[in-house]
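Visitor: One structure is given below, represented as C-alpha cells, and several questions about it will come after.
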Amino acid sequence: MNDRTIIEVIPNPLVRSMPTWVPPSLFKKRFTATSHPKRMHLNESPYPPSPSVIDAMKKACEAVNRYPDAHWQALVTALAERTGIPAARIVLGNGSDELIASAGRIALMPGDTVIAPVPSFASFAKAALINGASLRAVKVRKDGACDVEAMLEAIDETTRLLFLATPNNPTGAMLTASEVRKVAMEVPETCLLVVDEAYHEFAMQAGGEDPLPVLNTRTGPWVVFRSFSKAYGLAGIRVGYGICGSEEVVGGFQLARNAFTVNAIAQAGALAALQDTEHMESIVAAMATERERVSAGLRGLGCETFPSVANFVTARTRLAAVDVMKALEARGILISRLSTKGFENHIRVTVGKSEETNALLSEMRKILEA
Ligand SMILES: Cc1ncc(COP(=O)(O)O)c(C=O)c1O
C-alpha cells in the first residue's frame with residue numbers, strides 16, 4: 001500500500017495527515033536483517049519478568065473464557081496502596097500509550113493547541129494532530145530535561161493539554177520536584193497537565209523526587225502516567241496506569257476508553273509484578289550500572305551523551321545517525337535514532353545486558369573508526 005491508496009481509502013483527513021506512517025514492507029526488511037538481533041531500540045527490559053509473574057499469567061489463562069474485570073479492582077487497589085492515592089483516582093490503559101491517546105481525546109477539539117517537549121515521545125504529537133489540534137513543540141534544555149520556563153511561556157488561551165516527560169525519552173533527563181511544582185502552579189485550570197513518568201522507577205533509583213506530592217497541590221486537572229513496560233519488564237502485556245488529580249479526571253478517561261481495555265492475563269501479571277518489588281529493583285539497579293558503561297563507552301568513542309537516568313542513552317555521533325543505525329543493524333544490533341530536525345546525528349541505545357553493551361561498543365568502534 002502506498003500513500004495514494006491511503007488517501008483513497010481513509011476518509012478522515014486528520015488520520016491521513018499523520019506524519020509517521022511506515023509501510024509494512026520496511027518493517028519486514030528491518031526485522032529479517034538477522035534472525036536474533038540484539039534489541040537495543042525500544043527501551044524494553046532485557047530480563048524476563050519474575051517466575052511469580054509468569055505463574056500468575058499462566059493461571060489467568062485458565063479463565064480467559066470470561067471477560068476481564070472492566071474496573072481492574074485488584075490492580076487499582078494494589079496501586080492505591082503503593083502510591084498512597086485513592087483507587088478511585090487511578091485509571092488503567094493498554095500500555096501508557098493508550099492513556100496518552102485518551103488524554104488527547106478527552107482534552108482536545110480542532111483548533112486547540114498542545115504543548116510538548118521536543119525531542120520526546122512521538123505519541124504526544126500524535127495525540128495532538130489526530131484530534132485536529134496544533135502542536136507547539138518546545139525544545140528541551142541542553143541537559144535534555146523539559147524546558148519548564150519555555151513551555152510555560154508557550155501557553156495561550158487555546159492551550160488545552162501540556163505534556164511533561166520526566167525522565168524524558170529520548171534524552172533521559174528528569175525534572176526536580178520544584179520544577180514540577182512550578183508547572184503545576186502555573187499551567188491554567190483550563191489545561192490538562194500530563195506528566196509522563198514511563199521511567200519513574202529508574203528516576204527513583206537515581207535519587208529523583210516523586211512528583212505526586214507537588215502535583216497534589218494543583219487545583220487544575222492533572223494526570224501522571226506510569227508503565228509496567230519498562231522497569232517491570234512487561235512491555236509485551238501492555239499495562240500502563242494514570243494517577244489522576246481528581247475523580248472527575250478519571251471520569252474523562254473512563255468515558256473515552258474501550259469497555260474491556262487491559263486483558264485478564266495482563267491484569268494478573270501486573271498485579272503479581274507489584275508484589276515482587278525486589279525483582280524489579282534488582283533489574284533497575286543492574287540497568288543503572290550498565291547505563292553508565294554504555295555512556296562512558298560511547299564518550300570514549302568520541303560521542304557526546306545526554307546525562308540519562310533511564311534505561312537508554314542518547315548520543316551524538318560524528319556520523320549521520322541513520323548510517324550508524326543501518327551499520328549496526330547489518331551487524332545484528334537494533335538501535336533507534338532521533339527523527340527531530342537538528343538531531344540528525346543522534347542515536348538512542350537501550351541499555352541491555354553486559355554482553356549487549358560489549359557488542360555495541362565493539363561494533364561502534366569499528367563503525368566510527370572505519
Ligand atoms: C516517554 C514514554 N511514554 C510512554 C511510553 C509508552 O509506554 P507503554 O505504552 O509501553 O506503557 C513510552 C514507551 O517507550 C515512553 O518512552
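Letters A, B, ... go to the chains of the C-alpha cells in the order shown; residues in each chain start at 1; ligands are counted from 1 in the same order.
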Determine, using only C-alpha atoms and all ligand atoms, which residues of chain A have any atom at most 9 Å from an atom of ligand 1, and tabulate each with its shortest atom pair and distance in Å to one decimal place, rows ordered by chain and then rising number, as CSV.
Guide:
residue,atom,partner,partner_atom_place_in_ligand_line,distance
A:Leu42,CA,ligand 1,14 (O),6.4
A:Asn43,CA,ligand 1,14 (O),6.0
A:Glu44,CA,ligand 1,14 (O),7.8
A:Gly93,CA,ligand 1,11 (O),8.2
A:Asn94,CA,ligand 1,9 (O),7.0
A:Gly95,CA,ligand 1,9 (O),3.5
A:Ser96,CA,ligand 1,11 (O),3.6
A:Asp97,CA,ligand 1,9 (O),3.7
A:Glu98,CA,ligand 1,9 (O),6.4
A:Leu99,CA,ligand 1,9 (O),8.1
A:Ile100,CA,ligand 1,4 (C),7.5
A:Ser120,CA,ligand 1,1 (C),7.0
A:Phe121,CA,ligand 1,1 (C),5.1
A:Ala122,CA,ligand 1,2 (C),8.5
A:Ser123,CA,ligand 1,4 (C),7.7
A:Phe124,CA,ligand 1,3 (N),8.6
A:Ala165,CA,ligand 1,1 (C),6.0
A:Thr166,CA,ligand 1,1 (C),7.7
A:Pro167,CA,ligand 1,1 (C),7.4
A:Asn168,CA,ligand 1,1 (C),5.9
A:Asn169,CA,ligand 1,1 (C),4.9
A:Pro170,CA,ligand 1,16 (O),7.3
A:Asp196,CA,ligand 1,3 (N),5.8
A:Glu197,CA,ligand 1,1 (C),6.7
A:Ala198,CA,ligand 1,3 (N),4.9
A:Tyr199,CA,ligand 1,1 (C),7.2
A:Phe225,CA,ligand 1,4 (C),7.7
A:Arg226,CA,ligand 1,11 (O),6.9
A:Ser227,CA,ligand 1,11 (O),4.3
A:Phe228,CA,ligand 1,11 (O),6.3
A:Ser229,CA,ligand 1,10 (O),4.7
A:Lys230,CA,ligand 1,10 (O),7.2
A:Leu234,CA,ligand 1,10 (O),8.2
A:Ala235,CA,ligand 1,10 (O),5.4
A:Gly236,CA,ligand 1,10 (O),8.1
A:Ile237,CA,ligand 1,10 (O),8.8
A:Arg238,CA,ligand 1,10 (O),5.9
A:Val239,CA,ligand 1,11 (O),6.0
A:Gly240,CA,ligand 1,11 (O),4.7
A:Tyr241,CA,ligand 1,11 (O),8.0
Visitor: Would you please give, as number ranges by chain, all residues of region 74-301 of chain A that DSSP assigns to strand (DSSP E) based on the backbone?
Guide: A: 90-93, 113-118, 134-139, 159-165, 192-196, 222-227, 240-244
Visitor: Find the spatial neighbours of Glu363 (chain A), counting only C-alpha atoms, within a cut-off of 8 Å - ignore same-chain residues fewer than 4 positions away - and output them as a PyMOL selection string.
Guide: chain A and resi 328+331+359+367
